[in-house]
file query_21.txt (compact mmCIF, C-alpha atoms)
# COMPACT_ATOMS: atom_id res chain seq x y z
CA MET A 23 -41.31 40.08 -4.49
CA SER A 24 -40.38 37.44 -1.94
CA HIS A 25 -38.40 34.35 -2.90
CA PRO A 26 -38.96 30.92 -1.39
CA SER A 27 -36.37 29.85 1.15
CA PRO A 28 -33.90 27.26 -0.15
CA ALA A 29 -34.71 23.70 0.85
CA VAL A 30 -32.92 22.42 3.92
CA THR A 31 -30.40 19.72 2.95
CA ILE A 32 -28.96 16.81 4.87
CA ARG A 33 -25.73 18.79 5.11
CA ASP A 34 -27.61 21.55 6.92
CA VAL A 35 -28.91 19.01 9.44
CA ALA A 36 -25.43 17.54 9.86
CA ALA A 37 -23.93 20.99 10.45
CA ALA A 38 -26.60 21.91 12.99
CA ALA A 39 -26.13 18.61 14.83
CA GLN A 40 -22.33 18.80 14.51
CA VAL A 41 -22.09 15.26 13.14
CA GLY A 42 -21.20 13.72 9.80
CA ILE A 43 -23.65 13.21 6.96
CA THR A 44 -23.41 9.45 7.43
CA THR A 45 -24.60 9.77 11.03
CA VAL A 46 -27.59 11.87 9.95
CA SER A 47 -28.42 9.36 7.20
CA ARG A 48 -28.34 6.52 9.72
CA ALA A 49 -30.59 8.43 12.10
CA LEU A 50 -33.12 9.24 9.38
CA ASN A 51 -33.14 5.64 8.17
CA ASN A 52 -33.38 4.18 11.70
CA GLN A 53 -30.13 2.24 11.39
CA SER A 54 -28.52 0.66 14.43
CA GLU A 55 -24.98 2.06 14.18
CA ILE A 56 -25.75 5.13 16.34
CA SER A 57 -27.04 5.51 19.88
CA PRO A 58 -30.77 6.15 20.55
CA ALA A 59 -29.93 9.49 22.18
CA THR A 60 -28.00 10.69 19.10
CA ARG A 61 -30.77 9.52 16.79
CA GLU A 62 -33.41 11.33 18.81
CA ARG A 63 -31.37 14.54 18.86
CA ILE A 64 -30.81 14.45 15.09
CA LEU A 65 -34.45 13.74 14.35
CA LYS A 66 -35.50 16.70 16.51
CA ILE A 67 -33.06 19.01 14.71
CA ALA A 68 -34.31 17.78 11.34
CA LYS A 69 -37.90 18.45 12.39
CA ASP A 70 -37.07 21.92 13.74
CA LEU A 71 -35.34 22.79 10.47
CA HIS A 72 -38.34 21.45 8.46
CA TYR A 73 -36.07 19.04 6.65
CA GLN A 74 -37.79 17.10 3.85
CA PRO A 75 -35.90 14.04 2.53
CA ASN A 76 -34.89 14.14 -1.12
CA ARG A 77 -35.50 10.61 -2.38
CA HIS A 78 -33.03 10.97 -5.24
CA ALA A 79 -30.35 12.19 -2.81
CA GLN A 80 -31.16 9.31 -0.47
CA THR A 81 -30.48 6.87 -3.29
CA LEU A 82 -27.12 8.52 -3.98
CA ARG A 83 -26.21 8.45 -0.30
CA ALA A 84 -27.07 4.77 -0.13
CA GLN A 85 -24.66 4.22 -3.01
CA HIS A 86 -21.97 6.20 -1.16
CA LEU A 87 -22.45 4.08 1.93
CA ASN A 88 -21.73 1.03 -0.25
CA ASN A 89 -18.43 2.55 -1.29
CA ILE A 90 -14.95 1.39 -0.21
CA ALA A 91 -12.15 3.92 -0.55
CA VAL A 92 -8.80 2.47 -1.63
CA VAL A 93 -5.98 4.90 -0.80
CA MET A 94 -3.02 3.95 -3.02
CA LYS A 95 0.27 5.54 -1.98
CA GLY A 96 2.63 5.36 -4.94
CA PRO A 97 0.61 5.87 -8.15
CA SER A 98 3.52 4.92 -10.42
CA ASN A 99 4.23 1.57 -8.74
CA PRO A 100 3.21 -1.21 -11.20
CA PHE A 101 2.92 -3.70 -8.34
CA PHE A 102 0.12 -1.66 -6.77
CA LEU A 103 -1.54 -1.38 -10.16
CA SER A 104 -1.53 -5.17 -10.44
CA LEU A 105 -3.42 -5.35 -7.13
CA ILE A 106 -6.22 -2.98 -8.15
CA ASP A 107 -8.20 -5.47 -10.27
CA PRO A 108 -8.29 -8.33 -7.72
CA ILE A 109 -9.11 -5.84 -4.94
CA GLU A 110 -11.98 -4.36 -6.93
CA GLN A 111 -13.29 -7.83 -7.78
CA ALA A 112 -13.28 -8.79 -4.09
CA ILE A 113 -15.03 -5.54 -3.13
CA ARG A 114 -17.71 -6.03 -5.79
CA ALA A 115 -18.22 -9.62 -4.66
CA HIS A 116 -19.36 -8.18 -1.32
CA GLY A 117 -21.85 -5.88 -3.06
CA TYR A 118 -19.78 -2.71 -2.70
CA GLN A 119 -18.19 -0.27 -5.13
CA MET A 120 -14.57 0.90 -5.06
CA SER A 121 -13.27 4.46 -5.26
CA LEU A 122 -9.53 4.80 -5.90
CA LEU A 123 -7.60 7.67 -4.34
CA ARG A 124 -4.06 7.91 -5.74
CA ILE A 125 -1.56 9.86 -3.64
CA THR A 126 2.16 10.56 -3.84
CA HIS A 127 4.84 9.29 -1.47
CA LYS A 128 5.00 12.70 0.20
CA GLU A 129 1.29 12.78 1.14
CA ASP A 130 -0.11 11.50 4.43
CA GLU A 131 -2.30 8.50 3.62
CA VAL A 132 -4.02 8.54 7.01
CA ASN A 133 -5.26 12.10 6.59
CA ILE A 134 -6.42 11.25 3.06
CA GLY A 135 -8.29 8.29 4.53
CA ARG A 136 -9.99 10.55 7.06
CA GLY A 137 -11.02 12.79 4.19
CA ALA A 138 -12.67 9.82 2.47
CA TYR A 139 -15.13 9.79 5.35
CA GLN A 140 -16.03 13.45 4.93
CA ASP A 141 -15.81 13.77 1.15
CA SER A 142 -17.09 10.50 -0.29
CA GLU A 143 -19.04 9.00 2.61
CA ALA A 144 -17.10 5.75 2.26
CA ALA A 145 -18.11 2.80 4.42
CA GLY A 146 -14.50 1.68 4.89
CA VAL A 147 -10.92 2.34 3.79
CA LEU A 148 -8.26 0.02 2.43
CA PHE A 149 -4.76 1.52 2.60
CA LEU A 150 -2.70 0.17 -0.29
CA GLY A 151 0.89 1.01 0.61
CA GLY A 152 2.00 3.58 3.14
CA GLU A 153 4.34 4.11 6.04
CA ALA A 154 5.23 1.11 8.20
CA ARG A 155 4.75 2.67 11.62
CA GLU A 156 6.16 1.40 14.88
CA SER A 157 3.18 2.95 16.66
CA THR A 158 -0.39 2.97 15.41
CA ALA A 159 -1.46 5.91 17.57
CA ILE A 160 -2.15 7.93 14.42
CA PHE A 161 -5.12 5.63 13.77
CA ASN A 162 -6.72 6.37 17.15
CA ASN A 163 -10.32 7.49 16.64
CA PHE A 164 -10.15 6.80 12.91
CA PRO A 165 -13.77 7.25 11.77
CA LEU A 166 -14.07 4.19 9.54
CA PRO A 167 -13.19 0.49 9.53
CA PHE A 168 -9.86 0.09 7.73
CA VAL A 169 -7.24 -2.46 6.71
CA LEU A 170 -3.56 -1.90 5.89
CA CYS A 171 -2.63 -3.73 2.69
CA THR A 172 1.05 -4.52 1.89
CA ILE A 173 2.13 -2.76 5.11
CA PRO A 174 3.98 -5.18 7.43
CA PRO A 175 2.97 -5.10 11.10
CA ALA A 176 5.41 -3.98 13.79
CA PRO A 177 5.87 -6.05 16.98
CA ALA A 178 4.14 -3.39 19.09
CA TRP A 179 0.89 -3.47 17.09
CA ASP A 180 -2.16 -4.78 18.93
CA SER A 181 -5.05 -6.81 17.54
CA SER A 182 -7.12 -3.71 16.76
CA ILE A 183 -5.04 -3.12 13.61
CA ALA A 184 -5.80 -5.38 10.65
CA ALA A 185 -3.03 -5.76 8.07
CA VAL A 186 -2.06 -8.05 5.20
CA SER A 187 1.46 -8.22 3.78
CA VAL A 188 4.12 -10.52 2.45
CA ASP A 189 6.91 -11.73 4.74
CA GLU A 190 9.52 -9.18 3.64
CA ALA A 191 12.41 -10.67 5.61
CA HIS A 192 11.80 -14.17 4.28
CA GLY A 193 11.62 -12.89 0.70
CA ILE A 194 14.91 -11.01 0.98
CA SER A 195 16.47 -14.03 2.66
CA GLN A 196 15.50 -16.17 -0.36
CA ILE A 197 17.12 -13.66 -2.71
CA VAL A 198 20.37 -13.50 -0.72
CA SER A 199 20.49 -17.30 -0.36
CA HIS A 200 20.02 -17.65 -4.11
CA LEU A 201 22.89 -15.25 -4.84
CA THR A 202 25.29 -16.66 -2.29
CA GLY A 203 24.50 -20.13 -3.63
CA LEU A 204 25.79 -18.87 -6.97
CA GLY A 205 29.01 -17.75 -5.31
CA HIS A 206 28.26 -14.03 -4.93
CA ARG A 207 29.86 -12.30 -1.96
CA GLN A 208 30.10 -8.68 -3.12
CA ILE A 209 26.43 -7.83 -3.32
CA ALA A 210 25.16 -4.28 -3.81
CA PHE A 211 21.79 -3.01 -2.61
CA LEU A 212 19.58 -0.37 -4.24
CA GLY A 213 17.34 0.90 -1.48
CA PRO A 214 14.71 3.48 -0.60
CA ASP A 215 15.13 7.20 -0.29
CA GLN A 216 16.75 8.20 2.99
CA ALA A 217 13.53 9.53 4.51
CA GLU A 218 11.45 6.41 3.88
CA ARG A 219 10.15 4.47 6.86
CA SER A 220 8.20 1.87 4.97
CA VAL A 221 8.67 -1.38 3.08
CA GLY A 222 11.94 -0.30 1.45
CA ALA A 223 13.54 0.35 4.82
CA ILE A 224 12.32 -3.02 6.08
CA ARG A 225 13.84 -4.77 3.07
CA GLU A 226 17.16 -2.98 3.59
CA LYS A 227 17.31 -4.14 7.19
CA ALA A 228 16.43 -7.68 6.09
CA PHE A 229 19.18 -7.57 3.45
CA ILE A 230 21.87 -6.67 5.99
CA SER A 231 20.60 -9.40 8.32
CA ALA A 232 20.55 -12.01 5.53
CA LEU A 233 24.13 -11.17 4.54
CA LYS A 234 25.22 -11.66 8.14
CA THR A 235 23.53 -15.07 8.20
CA HIS A 236 25.79 -16.06 5.29
CA GLY A 237 28.90 -14.68 6.97
CA ILE A 238 29.06 -11.50 4.90
CA SER A 239 29.46 -8.05 6.38
CA ALA A 240 27.42 -5.40 4.59
CA ASP A 241 29.63 -2.87 2.78
CA GLU A 242 28.07 0.57 3.18
CA ARG A 243 29.74 1.63 -0.07
CA LEU A 244 27.57 -0.92 -1.88
CA ILE A 245 24.30 0.32 -0.35
CA VAL A 246 22.79 3.12 -2.42
CA ARG A 247 19.83 5.16 -1.20
CA GLY A 248 17.88 7.91 -2.88
CA GLY A 249 17.85 11.52 -1.81
CA GLU A 250 15.28 14.24 -1.39
CA GLY A 251 13.58 15.00 -4.66
CA ASP A 252 14.08 11.52 -6.13
CA ASP A 253 11.00 9.72 -7.44
CA PRO A 254 11.14 6.35 -5.64
CA TYR A 255 9.78 3.09 -7.02
CA SER A 256 10.24 4.16 -10.63
CA PHE A 257 12.38 2.98 -13.54
CA SER A 258 14.27 6.28 -13.56
CA TYR A 259 15.00 5.92 -9.83
CA GLY A 260 16.54 2.49 -10.39
CA TYR A 261 18.54 3.76 -13.35
CA GLU A 262 19.94 6.68 -11.35
CA LEU A 263 20.79 4.56 -8.29
CA ALA A 264 22.70 2.09 -10.47
CA ARG A 265 24.64 4.98 -12.03
CA ARG A 266 25.55 6.24 -8.56
CA LEU A 267 26.67 2.73 -7.61
CA LEU A 268 28.93 2.48 -10.67
CA ALA A 269 30.38 5.92 -9.95
CA ARG A 270 31.68 4.68 -6.58
CA GLN A 271 33.95 2.22 -8.41
CA VAL A 272 33.61 -0.42 -5.70
CA PRO A 273 33.66 -3.97 -7.13
CA PHE A 274 30.38 -5.93 -6.99
CA THR A 275 29.02 -9.01 -8.74
CA ALA A 276 25.31 -8.78 -7.91
CA VAL A 277 22.64 -6.17 -7.26
CA VAL A 278 19.60 -6.58 -4.99
CA ALA A 279 16.93 -3.96 -5.66
CA ILE A 280 13.97 -3.35 -3.33
CA SER A 281 11.46 -3.64 -6.18
CA ASP A 282 11.17 -4.97 -9.71
CA VAL A 283 10.75 -1.48 -11.13
CA ILE A 284 14.02 -0.33 -9.54
CA ALA A 285 15.76 -3.54 -10.67
CA LEU A 286 14.67 -3.05 -14.28
CA GLY A 287 15.84 0.56 -14.27
CA ALA A 288 19.15 -0.62 -12.83
CA GLN A 289 19.52 -3.30 -15.52
CA LYS A 290 19.27 -0.62 -18.18
CA ALA A 291 21.97 1.48 -16.50
CA LEU A 292 24.29 -1.51 -16.12
CA ILE A 293 23.82 -2.54 -19.76
CA ASP A 294 24.38 1.05 -20.89
CA ALA A 295 27.66 0.94 -18.95
CA GLY A 296 28.75 -2.06 -21.02
CA LEU A 297 28.11 -4.80 -18.43
CA GLU A 298 26.63 -8.15 -19.44
CA ILE A 299 23.80 -9.57 -17.32
CA PRO A 300 24.19 -12.11 -15.77
CA HIS A 301 27.72 -12.94 -16.97
CA GLN A 302 29.34 -9.94 -15.33
CA VAL A 303 26.68 -8.90 -12.83
CA SER A 304 23.47 -10.49 -11.55
CA VAL A 305 20.34 -8.44 -10.79
CA THR A 306 17.33 -9.26 -8.61
CA GLY A 307 14.07 -7.49 -7.80
CA PHE A 308 11.09 -7.95 -5.53
CA ASP A 309 7.32 -8.06 -6.23
CA GLY A 310 6.93 -10.34 -9.25
CA ILE A 311 5.23 -7.88 -11.60
CA GLN A 312 4.24 -9.51 -14.87
CA PHE A 313 6.29 -7.10 -16.99
CA ALA A 314 9.52 -8.39 -15.39
CA ARG A 315 8.96 -11.82 -16.94
CA TYR A 316 9.14 -10.41 -20.46
CA THR A 317 12.27 -8.29 -20.21
CA ASN A 318 15.57 -9.44 -21.66
CA PRO A 319 16.91 -10.92 -19.49
CA ALA A 320 13.85 -11.95 -17.49
CA LEU A 321 14.20 -10.82 -13.90
CA THR A 322 14.90 -13.01 -10.86
CA THR A 323 12.50 -11.79 -8.20
CA ILE A 324 10.17 -12.59 -5.31
CA GLU A 325 6.61 -13.02 -6.54
CA GLN A 326 4.02 -11.62 -4.15
CA PRO A 327 0.70 -13.54 -4.03
CA ILE A 328 -1.51 -10.69 -5.26
CA HIS A 329 -4.80 -12.60 -5.19
CA GLU A 330 -4.22 -13.80 -1.65
CA ILE A 331 -3.28 -10.28 -0.59
CA ALA A 332 -6.44 -8.84 -2.15
CA GLU A 333 -8.77 -11.53 -0.83
CA ASN A 334 -7.41 -11.45 2.71
CA SER A 335 -7.45 -7.64 2.84
CA CYS A 336 -11.09 -7.48 1.76
CA ARG A 337 -12.08 -10.37 4.02
CA LEU A 338 -10.71 -8.54 7.04
CA LEU A 339 -12.25 -5.23 6.01
CA PHE A 340 -15.75 -6.63 5.55
CA ALA A 341 -15.48 -8.57 8.79
CA LYS A 342 -14.73 -5.26 10.50
CA LEU A 343 -17.66 -3.62 8.72
CA LYS A 344 -19.91 -6.36 10.14
CA LYS A 345 -18.25 -5.98 13.56
CA GLN A 346 -17.19 -9.62 13.51
CA PRO A 347 -14.30 -10.74 15.75
CA LEU A 348 -10.97 -11.24 13.95
CA GLU A 349 -9.06 -14.33 15.00
CA ASN A 350 -5.97 -13.38 13.00
CA PRO A 351 -6.06 -9.64 12.17
CA GLN A 352 -2.46 -9.49 10.88
CA VAL A 353 -1.87 -11.86 7.99
CA LEU A 354 1.67 -12.56 6.81
CA LEU A 355 1.90 -14.33 3.44
CA GLN A 356 4.90 -15.99 1.79
CA GLY A 357 6.42 -14.82 -1.47
CA LYS A 358 7.85 -17.21 -4.05
CA LEU A 359 11.34 -17.03 -5.53
CA LEU A 360 11.14 -16.86 -9.33
CA VAL A 361 14.53 -17.49 -10.89
CA GLY A 362 14.90 -15.68 -14.20
CA GLU A 363 17.76 -15.09 -16.57
CA SER A 364 19.14 -12.05 -14.73
CA THR A 365 21.15 -14.12 -12.22
CA GLY A 366 24.04 -16.50 -12.78
CA PRO A 367 27.30 -17.70 -11.24
CA ALA A 368 29.52 -15.01 -9.74
CA PRO A 369 32.41 -13.98 -12.01
CA HIS A 370 35.96 -13.69 -10.70
CA ILE A 371 36.78 -10.04 -10.01
call {"tool": "encode", "arguments": {"input": "query_21.txt", "output": "structure tokens"}}
result
Amino acid sequence: MSHPSPAVTIRDVAAAAQVGITTVSRALNNQSEISPATRERILKIAKDLHYQPNRHAQTLRAQHLNNIAVVMKGPSNPFFLSLIDPIEQAIRAHGYQMSLLRITHKEDEVNIGRGAYQDSEAAGVLFLGGEARESTAIFNNFPLPFVLCTIPPAPAWDSSIAAVSVDEAHGISQIVSHLTGLGHRQIAFLGPDQAERSVGAIREKAFISALKTHGISADERLIVRGGEGDDPYSFSYGYELARRLLARQVPFTAVVAISDVIALGAQKALIDAGLEIPHQVSVTGFDGIQFARYTNPALTTIEQPIHEIAENSCRLLFAKLKKQPLENPQVLLQGKLLVGESTGPAPHI
């Protein structure tokens, strides 16, 4: 007894034509994003294979093409979590849906973004967090429109790369100015893990530069970095770095942490060690997460403008989707110093 041959699918056509499913879908639906020659070749292959469109599948593919993939590097970072809602609202306002891909610090966000094209048929990608690269060559021939969110641009970047971030150097400068204004001169720094080449490293460099502006030489003994195997941007990471700082037995009156989460973990370690905040040591963070306002003491920090970050990131992404020219593809926003109860005048040590 003979069995009917299985129906030819759009994936079969894509494989035969050696193109992506999105390209086949555009050819079948007579969309303008592909060349006439490619469309004609795909249509011929579909005809030769006796491909019959599945209307239900077409509806699903149309939904996929209205999907924006958000690749979030650092799933435990509360600051990124605070950005998800405004980003999704902005994406929905443009008539698109959002798919969230959470990845660890050790994963390559660019490769994950490329996979979003193959696996979910996303129309575009928004990278939330990731490595701050001096060169953007890794994005050459990236298959989808994309925007880098919270990733500061390097001087060598050209206008083809769209990015939205806070002015990291200015934010750190505000923190250091605040502390030196309170009389602090022996200021410790809780930084990124030693392999990081992203925002944490940028903030460390800005910290050293800001100290120099105030006539203070950075003391390497007061700069604590994580090691391989540490879980960065977590409460436990901040707690452990503060313990390592205390173990060095080098006097300090203030601590600058590269994020609120690390600062709050550090506060716990300092309090556990019997130190009073801010009477014996001041602590600052960076990001302005809501939780930091309700700790005891409330944290002094730099508040990032999350709604502006979300709106600008989505504005640039949808302009790229529509192939509109970008007058200012790299947006640098200003953070705001929020003075909490975790900082006070420097004690005499």
call {"tool": "atom_distance", "arguments": {"input": "query_21.txt", "atom1": "atom CA of A:Arg33", "atom2": "atom CA of A:Asn88"}}
result
19.0 Å
call {"tool": "residues_around", "arguments": {"input": "query_21.txt", "residues": "A:Leu286", "least_positions_apart": "2", "cutoff": "8 Å", "atoms": "all atoms listed in the file", "output": "ChimeraX atom specification"}}
result
/A:257,260-261,282-284,288-290,307,314,321
call {"tool": "write_last_selection", "arguments": {"input": "query_21.txt", "atoms": "C-alpha atoms", "output": "PDB file, keeping the file's coordinate frame"}}
result
ATOM      1  CA  PHE A 257      12.380   2.980 -13.540  1.00  0.00           C
ATOM      2  CA  GLY A 260      16.540   2.490 -10.390  1.00  0.00           C
ATOM      3  CA  TYR A 261      18.540   3.760 -13.350  1.00  0.00           C
ATOM      4  CA  ASP A 282      11.170  -4.970  -9.710  1.00  0.00           C
ATOM      5  CA  VAL A 283      10.750  -1.480 -11.130  1.00  0.00           C
ATOM      6  CA  ILE A 284      14.020  -0.330  -9.540  1.00  0.00           C
ATOM      7  CA  ALA A 288      19.150  -0.620 -12.830  1.00  0.00           C
ATOM      8  CA  GLN A 289      19.520  -3.300 -15.520  1.00  0.00           C
ATOM      9  CA  LYS A 290      19.270  -0.620 -18.180  1.00  0.00           C
ATOM     10  CA  GLY A 307      14.070  -7.490  -7.800  1.00  0.00           C
ATOM     11  CA  ALA A 314       9.520  -8.390 -15.390  1.00  0.00           C
ATOM     12  CA  LEU A 321      14.200 -10.820 -13.900  1.00  0.00           C
TER      13      LEU A 321
END
call {"tool": "residues_near_point", "arguments": {"input": "query_21.txt", "point": "(22.2, -18.1, -2.3)", "cutoff": "12 Å", "atoms": "only C-alpha atoms", "output": "count of residues only"}}
result
29
call {"tool": "closest_atom_pairs", "arguments": {"input": "query_21.txt", "of": "stretch 138-195 of chain A", "to": "stretch 333-346 of chain A", "cutoff": "7 Å", "atoms": "all atoms listed in the file", "output": "tab-separated table"}}
result
residue	atom	partner	partner_atom	distance
A:Pro167	CA	A:Lys342	CA	6.0
A:Phe168	CA	A:Leu339	CA	6.1
A:Val169	CA	A:Leu339	CA	5.8
A:Cys171	CA	A:Ser335	CA	6.2
A:Ala184	CA	A:Leu338	CA	6.9
A:Val186	CA	A:Ser335	CA	5.9
call {"tool": "atom_distance", "arguments": {"input": "query_21.txt", "atom1": "atom CA of A:Ile32", "atom2": "atom CA of A:Ile67"}}
result
10.9 Å
call {"tool": "closest_residue", "arguments": {"input": "query_21.txt", "among": "A:Asn51, A:Ser187, A:Thr45, A:Ser220", "to": "A:Gln356", "atoms": "all atoms listed in the file"}}
result
A:Ser187
call {"tool": "residues_around", "arguments": {"input": "query_21.txt", "residues": "A:Ala240", "least_positions_apart": "2", "cutoff": "9 Å", "atoms": "only C-alpha atoms", "output": "CSV table (one decimal) with C-alpha atoms, keeping the file's coordinate frame"}}
result
chain,number,residue,atom,x,y,z
A,208,GLN,CA,30.1,-8.7,-3.1
A,209,ILE,CA,26.4,-7.8,-3.3
A,210,ALA,CA,25.2,-4.3,-3.8
A,229,PHE,CA,19.2,-7.6,3.4
A,230,ILE,CA,21.9,-6.7,6.0
A,231,SER,CA,20.6,-9.4,8.3
A,233,LEU,CA,24.1,-11.2,4.5
A,234,LYS,CA,25.2,-11.7,8.1
A,238,ILE,CA,29.1,-11.5,4.9
A,242,GLU,CA,28.1,0.6,3.2
A,243,ARG,CA,29.7,1.6,-0.1
A,244,LEU,CA,27.6,-0.9,-1.9
A,245,ILE,CA,24.3,0.3,-0.4
call {"tool": "atom_distance", "arguments": {"input": "query_21.txt", "atom1": "atom CA of A:Leu354", "atom2": "atom CA of A:Glu226"}}
result
18.5 Å
call {"tool": "residues_around", "arguments": {"input": "query_21.txt", "residues": "A:Ala68", "least_positions_apart": "4", "cutoff": "10 Å", "atoms": "all atoms listed in the file", "output": "list in words"}}
result
Val30, Thr31, Ile32, Asp34, Val35, Ala36, Ala38, Ala39, Val46, Leu50, Glu62, Arg63, Ile64, His72, Tyr73, Gln74 and Pro75 of chain A
call {"tool": "residues_around", "arguments": {"input": "query_21.txt", "residues": "A:Arg247", "least_positions_apart": "5", "cutoff": "7 Å", "atoms": "only C-alpha atoms", "output": "list in words"}}
result
Leu212, Gly213, Pro214, Asp215 and Gln216 of chain A
call {"tool": "residues_near_point", "arguments": {"input": "query_21.txt", "point": "(3.8, -5.2, 14.5)", "cutoff": "12 Å", "atoms": "all atoms listed in the file", "output": "list in words"}}
result
Ala154, Arg155, Glu156, Ser157, Thr158, Leu170, Ile173, Pro174, Pro175, Ala176, Pro177, Ala178, Trp179, Asp180, Ser181, Ser182, Ile183, Ala184, Ala185, Val186, Ser187, Pro351, Gln352, Val353 and Leu354 of chain A
call {"tool": "closest_residue", "arguments": {"input": "query_21.txt", "among": "A:Leu360, A:Ala191, A:Ala295, A:Ala264", "to": "A:Ala228", "atoms": "only C-alpha atoms"}}
result
A:Ala191
call {"tool": "closest_residue", "arguments": {"input": "query_21.txt", "among": "A:Asn89, A:Asn52, A:Ser104, A:Thr275", "to": "A:Leu122", "atoms": "only C-alpha atoms"}}
result
A:Asn89
call {"tool": "residues_around", "arguments": {"input": "query_21.txt", "residues": "A:Ile328", "least_positions_apart": "4", "cutoff": "8 Å", "atoms": "only C-alpha atoms", "output": "PyMOL selection string"}}
result
chain A and resi 104-105+108+332
call {"tool": "write_last_selection", "arguments": {"input": "query_21.txt", "atoms": "C-alpha atoms", "output": "PDB file, keeping the file's coordinate frame"}}
result
ATOM      1  CA  SER A 104      -1.530  -5.170 -10.440  1.00  0.00           C
ATOM      2  CA  LEU A 105      -3.420  -5.350  -7.130  1.00  0.00           C
ATOM      3  CA  PRO A 108      -8.290  -8.330  -7.720  1.00  0.00           C
ATOM      4  CA  ALA A 332      -6.440  -8.840  -2.150  1.00  0.00           C
TER       5      ALA A 332
END
call {"tool": "closest_residue", "arguments": {"input": "query_21.txt", "among": "A:Tyr118, A:Tyr255, A:Phe164, A:Phe211", "to": "A:Gly151", "atoms": "all atoms listed in the file"}}
result
A:Tyr255
call {"tool": "closest_residue", "arguments": {"input": "query_21.txt", "among": "A:Ala49, A:Val93, A:Leu267, A:Leu297", "to": "A:Ala138", "atoms": "all atoms listed in the file"}}
result
A:Val93
call {"tool": "closest_residue", "arguments": {"input": "query_21.txt", "among": "A:Ala59, A:Ala279, A:Ile106, A:Leu123", "to": "A:His329", "atoms": "only C-alpha atoms"}}
result
A:Ile106
